[in-house]
Structure formats: C-alpha cells, structure tokens
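Novice: Contents of start-v9.csv (CSV, C-alpha atoms) are below:
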```
chain,number,residue,atom,x,y,z
A,62,MET,CA,0.0,0.0,0.0
A,63,PRO,CA,1.5,3.3,-1.0
A,64,GLN,CA,2.0,5.9,1.8
A,65,VAL,CA,3.0,8.6,-0.7
A,66,GLY,CA,1.1,9.4,-3.9
A,67,ILE,CA,3.3,11.1,-6.4
A,68,ILE,CA,1.4,12.9,-9.2
A,69,VAL,CA,2.9,14.4,-12.3
A,70,GLY,CA,1.0,16.6,-14.7
A,71,SER,CA,2.7,15.2,-17.8
A,72,ALA,CA,4.7,12.1,-18.8
A,73,THR,CA,7.6,14.5,-19.7
A,74,ASP,CA,7.8,15.4,-15.9
A,75,GLN,CA,8.1,11.8,-14.9
A,76,PRO,CA,11.9,11.5,-15.3
A,77,VAL,CA,12.5,14.3,-12.8
A,78,MET,CA,10.2,12.6,-10.3
A,79,GLU,CA,12.0,9.3,-10.5
A,80,ASP,CA,14.3,10.8,-7.9
A,81,THR,CA,11.4,11.2,-5.6
A,82,LEU,CA,10.3,7.6,-6.0
A,83,LYS,CA,13.9,6.2,-5.7
A,84,THR,CA,14.6,8.3,-2.5
A,85,LEU,CA,11.3,7.2,-0.9
A,86,THR,CA,12.0,3.5,-1.8
A,87,ASP,CA,15.6,3.8,-0.4
A,88,LEU,CA,14.0,5.1,2.9
A,89,GLY,CA,11.6,2.2,3.1
A,90,VAL,CA,8.5,4.3,2.1
A,91,GLU,CA,6.0,2.8,-0.2
A,92,ALA,CA,5.0,5.2,-3.0
A,93,GLU,CA,3.3,5.2,-6.4
A,94,LEU,CA,3.6,7.6,-9.3
A,95,ILE,CA,0.7,8.5,-11.6
A,96,VAL,CA,0.4,10.9,-14.5
A,97,ALA,CA,-2.7,13.1,-14.3
A,98,SER,CA,-3.0,16.6,-15.6
A,99,ALA,CA,-5.0,19.3,-13.7
A,100,HIS,CA,-5.9,20.8,-17.1
A,101,ARG,CA,-6.3,17.8,-19.4
A,102,ASN,CA,-7.9,15.3,-17.0
A,103,PRO,CA,-9.0,17.1,-13.9
A,104,LYS,CA,-11.5,14.4,-13.1
A,105,LYS,CA,-8.8,11.8,-12.9
A,106,VAL,CA,-6.8,14.0,-10.5
A,107,GLN,CA,-9.9,14.5,-8.3
A,108,GLU,CA,-10.8,10.8,-8.2
A,109,TYR,CA,-7.2,9.8,-7.4
A,110,VAL,CA,-6.8,12.3,-4.6
A,111,GLU,CA,-10.2,11.6,-3.0
A,112,ASN,CA,-9.7,7.8,-3.2
A,113,ALA,CA,-6.0,7.7,-2.3
A,114,PRO,CA,-6.4,7.7,1.5
A,115,SER,CA,-8.4,4.5,1.3
A,116,THR,CA,-5.4,2.9,-0.4
A,117,GLY,CA,-3.0,4.1,2.4
A,118,VAL,CA,-1.7,7.4,1.0
A,119,GLU,CA,-0.9,9.8,3.7
A,120,VAL,CA,1.1,12.5,1.9
A,121,PHE,CA,1.0,13.7,-1.7
A,122,VAL,CA,3.9,15.0,-3.9
A,123,ALA,CA,2.6,16.9,-6.9
A,124,ALA,CA,4.9,18.1,-9.7
A,125,ALA,CA,4.1,20.4,-12.5
A,126,GLY,CA,5.7,22.9,-14.8
A,127,GLY,CA,4.4,26.1,-16.5
A,128,ALA,CA,1.2,27.3,-14.9
A,129,ALA,CA,1.7,24.5,-12.3
A,130,ALA,CA,-1.9,24.2,-11.2
A,131,LEU,CA,-1.6,20.5,-10.2
A,132,PRO,CA,-0.2,20.9,-6.6
A,133,GLY,CA,-3.0,23.4,-5.8
A,134,VAL,CA,-5.7,21.3,-7.4
A,135,VAL,CA,-4.5,18.3,-5.3
A,136,ALA,CA,-4.5,20.4,-2.2
A,137,SER,CA,-8.0,21.6,-2.9
A,138,HIS,CA,-9.3,18.0,-2.8
A,139,THR,CA,-7.6,16.9,0.4
A,140,THR,CA,-6.6,17.9,3.9
A,141,LEU,CA,-3.6,15.6,3.7
A,142,PRO,CA,-0.1,17.3,3.3
A,143,VAL,CA,0.8,18.2,-0.3
A,144,ILE,CA,4.3,18.9,-1.4
A,145,GLY,CA,4.7,20.8,-4.7
A,146,VAL,CA,7.7,20.3,-7.0
A,147,PRO,CA,8.1,23.0,-9.7
A,148,ILE,CA,9.4,21.6,-13.0
A,149,ALA,CA,11.4,23.7,-15.4
A,150,SER,CA,9.4,23.1,-18.6
A,151,SER,CA,9.2,26.6,-20.2
A,152,GLU,CA,11.5,29.4,-21.3
A,153,LEU,CA,11.3,30.7,-17.7
A,154,GLY,CA,13.3,27.8,-16.3
A,155,GLY,CA,10.8,26.8,-13.7
A,156,VAL,CA,10.4,30.2,-12.0
A,157,ASP,CA,6.8,30.4,-13.4
A,158,ALA,CA,6.0,27.0,-11.8
A,159,LEU,CA,7.7,28.0,-8.5
A,160,TYR,CA,5.6,31.1,-8.3
A,161,SER,CA,2.4,29.3,-9.2
A,162,ILE,CA,2.9,26.7,-6.5
A,163,VAL,CA,4.3,28.9,-3.7
A,164,GLN,CA,1.6,31.5,-4.1
A,165,MET,CA,-1.4,29.4,-2.9
A,166,PRO,CA,-4.2,31.3,-1.3
A,167,PRO,CA,-4.7,31.1,2.5
A,168,GLY,CA,-6.5,27.9,3.5
A,169,ILE,CA,-5.1,25.7,0.8
A,170,PRO,CA,-1.4,25.3,1.7
A,171,VAL,CA,1.2,23.5,-0.5
A,172,ALA,CA,4.7,23.0,0.9
A,173,THR,CA,7.0,24.0,-1.9
A,174,VAL,CA,10.5,22.8,-2.7
A,175,ALA,CA,13.2,23.8,-5.2
A,176,VAL,CA,12.8,23.5,-8.9
A,177,GLY,CA,13.7,20.3,-10.6
A,178,ALA,CA,15.8,17.3,-9.4
A,179,TRP,CA,16.9,18.9,-6.1
A,180,GLY,CA,13.3,19.7,-5.3
A,181,ALA,CA,12.3,16.2,-6.3
A,182,ARG,CA,14.7,14.6,-3.8
A,183,ASN,CA,13.8,17.1,-1.1
A,184,ALA,CA,10.1,16.4,-1.6
A,185,ALA,CA,10.8,12.8,-0.9
A,186,LEU,CA,12.7,13.6,2.3
A,187,LEU,CA,10.1,16.0,3.5
A,188,ALA,CA,7.3,13.4,2.8
A,189,ALA,CA,9.4,10.9,4.8
A,190,GLU,CA,9.9,13.3,7.7
A,191,VAL,CA,6.1,13.9,7.8
A,192,LEU,CA,5.5,10.1,7.9
A,193,GLY,CA,8.3,9.8,10.4
A,194,ILE,CA,6.1,11.6,13.0
A,195,LYS,CA,3.9,8.5,13.0
A,196,TYR,CA,6.3,5.7,11.9
A,197,ALA,CA,9.5,5.2,13.9
A,198,LYS,CA,11.1,3.0,11.2
A,199,ILE,CA,10.8,5.8,8.6
A,200,ARG,CA,12.1,8.4,11.1
A,201,GLU,CA,15.1,6.2,11.8
A,202,ALA,CA,15.8,5.8,8.0
A,203,VAL,CA,15.7,9.6,7.6
A,204,GLU,CA,18.1,10.0,10.6
A,205,GLN,CA,20.5,7.4,9.1
A,206,TYR,CA,20.3,9.3,5.7
A,207,ARG,CA,21.2,12.5,7.5
A,208,GLU,CA,24.1,10.8,9.3
A,209,ARG,CA,25.5,9.6,5.9
A,210,LEU,CA,25.3,13.2,4.6
A,211,ARG,CA,27.3,14.4,7.6
A,212,GLN,CA,30.0,11.9,6.9
A,213,ARG,CA,30.7,13.0,3.4
```
Before we go any further, please render this structure as structure tokens.
Specialist:
Amino acid sequence: MPQVGIIVGSATDQPVMEDTLKTLTDLGVEAELIVASAHRNPKKVQEYVENAPSTGVEVFVAAAGGAAALPGVVASHTTLPVIGVPIASSELGGVDALYSIVQMPPGIPVATVAVGAWGARNAALLAAEVLGIKYAKIREAVEQYRERLRQR
C-alpha cells in the first residue's frame, strides 16, 4: 500500500520525479507515481486524490511545470499534506512553476521545494519526515540518511 502518492502533470515530468520515487524507496517508504493533468484530465486528479487515502496514501507529492496548477488542485481536494515540486518546462526555467505553487491562497497550503531534481529529492525527504512523525522506522531511516550526509 502506497504511503505517498506522487502525481505528475505530464509524462515529460516523470523522469525528474523518478528521484522522488527512488529516494522514498531507499528510505523504506511505499510510493506510487501516476500521470494526471490538472488541465487535461482534472476528473482523474480529483478521483485519485479523493480515493488515495483508502489505499493508504498519507502524503502527496505533486509536480508540474508552466502554470503548475496541479499541486494546488491536489490540495483543494484533500486535507492531507501536499508537497509541490516545480518543474522547469518553459523558457522561464521553472520560475513560473515555482511562483504558481508557492503563491497558494490562504487555507489551501502547499509545501514547496526547489525547482527540478533537487526539489524532487527534497520532496521525498520532506514526505518521509512527515511520515516519520507516525512511523519510527521511517524516522530512523531519515536520521540514518542525514548521518550519511554528515560523513561525506
């Protein structure tokens, strides 16, 4: 059962988010990745988000470029934590996506990380830290990860 639902707005965003999936797997966190666009198939996004908790999802990571509506749309359909990852998919290098995600209106928060691969990895770590509040094994895996960083 996935604990983290990773949603990308386009198949072209999927390679960046493989870092999220790999990092979560390395930390012992079950995750799944789906492609669902807030603009092209909003019904699929809504159905996935609303049904995901019944499959075990406790945190969402949503990635999008350009107008980057996906993280906000996900957040509008749930009270579970949503982490937004801006993707550099336009001439603006991801700044447009960053601003779209970080400027959510009051009441619909989306935690936002850096643009691209760094953000994808940090989104995984942030999701694991959130889950670590409840699951000691995940918290310990994150602590071990941090210890390995200190030893570099």
Novice: Kindly indicate which residue among A:Ala185, A:Val69, A:Tyr196, A:Gly127 lies nearest to Gly154 of chain A, using only C-alpha atoms for the distances.
Specialist: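 Ranked by minimum distance to Gly154 of chain A, first place goes to A:Gly127.
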Novice: Around (-1.3, 19.6, -13.1) in the file's own coordinates, what residues are found within 7 Å if you use all atoms listed in the file, given back as a short mmCIF file (atom, residue, chain, number, x, y, z; two decimals) with C-alpha atoms, keeping the file's coordinate frame?
Specialist:
```cif
data_model
loop_
_atom_site.label_atom_id
_atom_site.label_comp_id
_atom_site.auth_asym_id
_atom_site.auth_seq_id
_atom_site.Cartn_x
_atom_site.Cartn_y
_atom_site.Cartn_z
CA VAL A 69 2.90 14.40 -12.30
CA GLY A 70 1.00 16.60 -14.70
CA ALA A 97 -2.70 13.10 -14.30
CA SER A 98 -3.00 16.60 -15.60
CA ALA A 99 -5.00 19.30 -13.70
CA HIS A 100 -5.90 20.80 -17.10
CA ALA A 125 4.10 20.40 -12.50
CA ALA A 129 1.70 24.50 -12.30
CA ALA A 130 -1.90 24.20 -11.20
CA LEU A 131 -1.60 20.50 -10.20
CA PRO A 132 -0.20 20.90 -6.60
#
```
Novice: From (5.7, 19.1, -3.3), in the file's coordinates, out to 9 Å: which residues are reached, counting all atoms listed in the file? Answer as an mmCIF file with C-alpha atoms, keeping the file's coordinate frame.
Specialist:
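Below is the file that was written, part-v3.cif:
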```
data_model
loop_
_atom_site.group_PDB
_atom_site.id
_atom_site.type_symbol
_atom_site.label_atom_id
_atom_site.label_comp_id
_atom_site.auth_asym_id
_atom_site.auth_seq_id
_atom_site.Cartn_x
_atom_site.Cartn_y
_atom_site.Cartn_z
ATOM 1 C CA ILE A 67 3.300 11.100 -6.400
ATOM 2 C CA PHE A 121 1.000 13.700 -1.700
ATOM 3 C CA VAL A 122 3.900 15.000 -3.900
ATOM 4 C CA ALA A 123 2.600 16.900 -6.900
ATOM 5 C CA ALA A 124 4.900 18.100 -9.700
ATOM 6 C CA PRO A 132 -0.200 20.900 -6.600
ATOM 7 C CA PRO A 142 -0.100 17.300 3.300
ATOM 8 C CA VAL A 143 0.800 18.200 -0.300
ATOM 9 C CA ILE A 144 4.300 18.900 -1.400
ATOM 10 C CA GLY A 145 4.700 20.800 -4.700
ATOM 11 C CA VAL A 146 7.700 20.300 -7.000
ATOM 12 C CA PRO A 147 8.100 23.000 -9.700
ATOM 13 C CA ILE A 162 2.900 26.700 -6.500
ATOM 14 C CA VAL A 171 1.200 23.500 -0.500
ATOM 15 C CA ALA A 172 4.700 23.000 0.900
ATOM 16 C CA THR A 173 7.000 24.000 -1.900
ATOM 17 C CA VAL A 174 10.500 22.800 -2.700
ATOM 18 C CA GLY A 180 13.300 19.700 -5.300
ATOM 19 C CA ALA A 181 12.300 16.200 -6.300
ATOM 20 C CA ASN A 183 13.800 17.100 -1.100
ATOM 21 C CA ALA A 184 10.100 16.400 -1.600
ATOM 22 C CA ALA A 185 10.800 12.800 -0.900
ATOM 23 C CA LEU A 187 10.100 16.000 3.500
ATOM 24 C CA ALA A 188 7.300 13.400 2.800
#
```
Novice: Hey, can you check how far atom CA of Ile169 of chain A sits from atom CA of Ser137 of chain A?
Specialist: 6.2 Å
Novice: Which value, in Å to one decimal, gives the distance between atom CA of Trp179 of chain A and atom CA of Pro167 of chain A?
Specialist: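 Between these atoms lies a distance of 26.3 Å.
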Novice: Using the block above, I'd like segment 163-191 of chain A written out, keeping N, CA, C and O atoms and formatting it as a PDB file, in the first residue's frame.
Specialist:
```pdb
ATOM      1  N   VAL A 163       4.026  28.243  -5.014  1.00  0.00           N
ATOM      2  CA  VAL A 163       4.287  28.854  -3.709  1.00  0.00           C
ATOM      3  C   VAL A 163       3.234  29.918  -3.337  1.00  0.00           C
ATOM      4  O   VAL A 163       3.051  30.203  -2.162  1.00  0.00           O
ATOM      5  N   GLN A 164       2.524  30.450  -4.309  1.00  0.00           N
ATOM      6  CA  GLN A 164       1.551  31.515  -4.052  1.00  0.00           C
ATOM      7  C   GLN A 164       0.127  31.001  -3.867  1.00  0.00           C
ATOM      8  O   GLN A 164      -0.823  31.608  -4.355  1.00  0.00           O
ATOM      9  N   MET A 165      -0.037  29.923  -3.136  1.00  0.00           N
ATOM     10  CA  MET A 165      -1.380  29.392  -2.887  1.00  0.00           C
ATOM     11  C   MET A 165      -2.141  30.331  -1.948  1.00  0.00           C
ATOM     12  O   MET A 165      -1.549  30.933  -1.047  1.00  0.00           O
ATOM     13  N   PRO A 166      -3.454  30.426  -2.148  1.00  0.00           N
ATOM     14  CA  PRO A 166      -4.242  31.304  -1.281  1.00  0.00           C
ATOM     15  C   PRO A 166      -4.344  30.737   0.139  1.00  0.00           C
ATOM     16  O   PRO A 166      -4.210  29.523   0.335  1.00  0.00           O
ATOM     17  N   PRO A 167      -4.586  31.603   1.104  1.00  0.00           N
ATOM     18  CA  PRO A 167      -4.746  31.130   2.484  1.00  0.00           C
ATOM     19  C   PRO A 167      -5.824  30.049   2.571  1.00  0.00           C
ATOM     20  O   PRO A 167      -6.866  30.142   1.931  1.00  0.00           O
ATOM     21  N   GLY A 168      -5.513  29.003   3.327  1.00  0.00           N
ATOM     22  CA  GLY A 168      -6.466  27.917   3.529  1.00  0.00           C
ATOM     23  C   GLY A 168      -6.197  26.694   2.685  1.00  0.00           C
ATOM     24  O   GLY A 168      -6.727  25.618   2.962  1.00  0.00           O
ATOM     25  N   ILE A 169      -5.402  26.845   1.633  1.00  0.00           N
ATOM     26  CA  ILE A 169      -5.074  25.708   0.758  1.00  0.00           C
ATOM     27  C   ILE A 169      -3.543  25.645   0.643  1.00  0.00           C
ATOM     28  O   ILE A 169      -2.964  25.979  -0.379  1.00  0.00           O
ATOM     29  N   PRO A 170      -2.871  25.225   1.724  1.00  0.00           N
ATOM     30  CA  PRO A 170      -1.402  25.253   1.698  1.00  0.00           C
ATOM     31  C   PRO A 170      -0.789  24.136   0.854  1.00  0.00           C
ATOM     32  O   PRO A 170      -1.338  23.041   0.765  1.00  0.00           O
ATOM     33  N   VAL A 171       0.329  24.475   0.236  1.00  0.00           N
ATOM     34  CA  VAL A 171       1.160  23.505  -0.467  1.00  0.00           C
ATOM     35  C   VAL A 171       2.600  23.801  -0.047  1.00  0.00           C
ATOM     36  O   VAL A 171       3.095  24.907  -0.270  1.00  0.00           O
ATOM     37  N   ALA A 172       3.249  22.838   0.577  1.00  0.00           N
ATOM     38  CA  ALA A 172       4.665  22.989   0.885  1.00  0.00           C
ATOM     39  C   ALA A 172       5.400  22.952  -0.448  1.00  0.00           C
ATOM     40  O   ALA A 172       5.099  22.122  -1.299  1.00  0.00           O
ATOM     41  N   THR A 173       6.342  23.851  -0.641  1.00  0.00           N
ATOM     42  CA  THR A 173       7.006  23.958  -1.934  1.00  0.00           C
ATOM     43  C   THR A 173       8.506  23.792  -1.779  1.00  0.00           C
ATOM     44  O   THR A 173       9.102  24.361  -0.866  1.00  0.00           O
ATOM     45  N   VAL A 174       9.100  23.006  -2.671  1.00  0.00           N
ATOM     46  CA  VAL A 174      10.535  22.762  -2.652  1.00  0.00           C
ATOM     47  C   VAL A 174      11.169  23.388  -3.893  1.00  0.00           C
ATOM     48  O   VAL A 174      10.488  24.012  -4.700  1.00  0.00           O
ATOM     49  N   ALA A 175      12.459  23.199  -4.056  1.00  0.00           N
ATOM     50  CA  ALA A 175      13.203  23.784  -5.165  1.00  0.00           C
ATOM     51  C   ALA A 175      12.745  23.237  -6.518  1.00  0.00           C
ATOM     52  O   ALA A 175      12.131  22.175  -6.601  1.00  0.00           O
ATOM     53  N   VAL A 176      13.106  23.947  -7.552  1.00  0.00           N
ATOM     54  CA  VAL A 176      12.787  23.545  -8.920  1.00  0.00           C
ATOM     55  C   VAL A 176      13.633  22.330  -9.316  1.00  0.00           C
ATOM     56  O   VAL A 176      14.826  22.277  -9.042  1.00  0.00           O
ATOM     57  N   GLY A 177      12.999  21.359  -9.953  1.00  0.00           N
ATOM     58  CA  GLY A 177      13.705  20.254 -10.584  1.00  0.00           C
ATOM     59  C   GLY A 177      14.154  19.132  -9.674  1.00  0.00           C
ATOM     60  O   GLY A 177      13.524  18.830  -8.658  1.00  0.00           O
ATOM     61  N   ALA A 178      15.288  18.513 -10.050  1.00  0.00           N
ATOM     62  CA  ALA A 178      15.764  17.292  -9.388  1.00  0.00           C
ATOM     63  C   ALA A 178      16.072  17.498  -7.914  1.00  0.00           C
ATOM     64  O   ALA A 178      15.787  16.622  -7.099  1.00  0.00           O
ATOM     65  N   TRP A 179      16.669  18.641  -7.554  1.00  0.00           N
ATOM     66  CA  TRP A 179      16.939  18.885  -6.130  1.00  0.00           C
ATOM     67  C   TRP A 179      15.629  18.918  -5.358  1.00  0.00           C
ATOM     68  O   TRP A 179      15.504  18.352  -4.277  1.00  0.00           O
ATOM     69  N   GLY A 180      14.648  19.606  -5.901  1.00  0.00           N
ATOM     70  CA  GLY A 180      13.347  19.670  -5.256  1.00  0.00           C
ATOM     71  C   GLY A 180      12.677  18.313  -5.182  1.00  0.00           C
ATOM     72  O   GLY A 180      12.035  17.977  -4.185  1.00  0.00           O
ATOM     73  N   ALA A 181      12.847  17.505  -6.236  1.00  0.00           N
ATOM     74  CA  ALA A 181      12.250  16.160  -6.252  1.00  0.00           C
ATOM     75  C   ALA A 181      12.799  15.323  -5.107  1.00  0.00           C
ATOM     76  O   ALA A 181      12.052  14.635  -4.411  1.00  0.00           O
ATOM     77  N   ARG A 182      14.115  15.392  -4.903  1.00  0.00           N
ATOM     78  CA  ARG A 182      14.733  14.635  -3.804  1.00  0.00           C
ATOM     79  C   ARG A 182      14.280  15.179  -2.454  1.00  0.00           C
ATOM     80  O   ARG A 182      13.947  14.428  -1.541  1.00  0.00           O
ATOM     81  N   ASN A 183      14.270  16.508  -2.319  1.00  0.00           N
ATOM     82  CA  ASN A 183      13.847  17.104  -1.050  1.00  0.00           C
ATOM     83  C   ASN A 183      12.370  16.844  -0.762  1.00  0.00           C
ATOM     84  O   ASN A 183      11.979  16.709   0.397  1.00  0.00           O
ATOM     85  N   ALA A 184      11.550  16.757  -1.796  1.00  0.00           N
ATOM     86  CA  ALA A 184      10.134  16.431  -1.589  1.00  0.00           C
ATOM     87  C   ALA A 184      10.002  15.042  -0.974  1.00  0.00           C
ATOM     88  O   ALA A 184       9.187  14.828  -0.068  1.00  0.00           O
ATOM     89  N   ALA A 185      10.815  14.113  -1.450  1.00  0.00           N
ATOM     90  CA  ALA A 185      10.793  12.761  -0.882  1.00  0.00           C
ATOM     91  C   ALA A 185      11.206  12.783   0.579  1.00  0.00           C
ATOM     92  O   ALA A 185      10.564  12.149   1.434  1.00  0.00           O
ATOM     93  N   LEU A 186      12.263  13.523   0.874  1.00  0.00           N
ATOM     94  CA  LEU A 186      12.738  13.595   2.263  1.00  0.00           C
ATOM     95  C   LEU A 186      11.712  14.275   3.165  1.00  0.00           C
ATOM     96  O   LEU A 186      11.480  13.834   4.293  1.00  0.00           O
ATOM     97  N   LEU A 187      11.091  15.331   2.671  1.00  0.00           N
ATOM     98  CA  LEU A 187      10.066  16.021   3.460  1.00  0.00           C
ATOM     99  C   LEU A 187       8.869  15.096   3.698  1.00  0.00           C
ATOM    100  O   LEU A 187       8.350  15.019   4.821  1.00  0.00           O
ATOM    101  N   ALA A 188       8.450  14.363   2.680  1.00  0.00           N
ATOM    102  CA  ALA A 188       7.346  13.415   2.849  1.00  0.00           C
ATOM    103  C   ALA A 188       7.717  12.358   3.887  1.00  0.00           C
ATOM    104  O   ALA A 188       6.898  11.998   4.742  1.00  0.00           O
ATOM    105  N   ALA A 189       8.955  11.862   3.823  1.00  0.00           N
ATOM    106  CA  ALA A 189       9.404  10.858   4.797  1.00  0.00           C
ATOM    107  C   ALA A 189       9.449  11.449   6.207  1.00  0.00           C
ATOM    108  O   ALA A 189       9.097  10.767   7.179  1.00  0.00           O
ATOM    109  N   GLU A 190       9.871  12.703   6.335  1.00  0.00           N
ATOM    110  CA  GLU A 190       9.884  13.336   7.659  1.00  0.00           C
ATOM    111  C   GLU A 190       8.471  13.459   8.226  1.00  0.00           C
ATOM    112  O   GLU A 190       8.254  13.222   9.424  1.00  0.00           O
ATOM    113  N   VAL A 191       7.520  13.812   7.372  1.00  0.00           N
ATOM    114  CA  VAL A 191       6.122  13.900   7.813  1.00  0.00           C
ATOM    115  C   VAL A 191       5.652  12.521   8.288  1.00  0.00           C
ATOM    116  O   VAL A 191       5.058  12.388   9.364  1.00  0.00           O
TER     117      VAL A 191
END
```
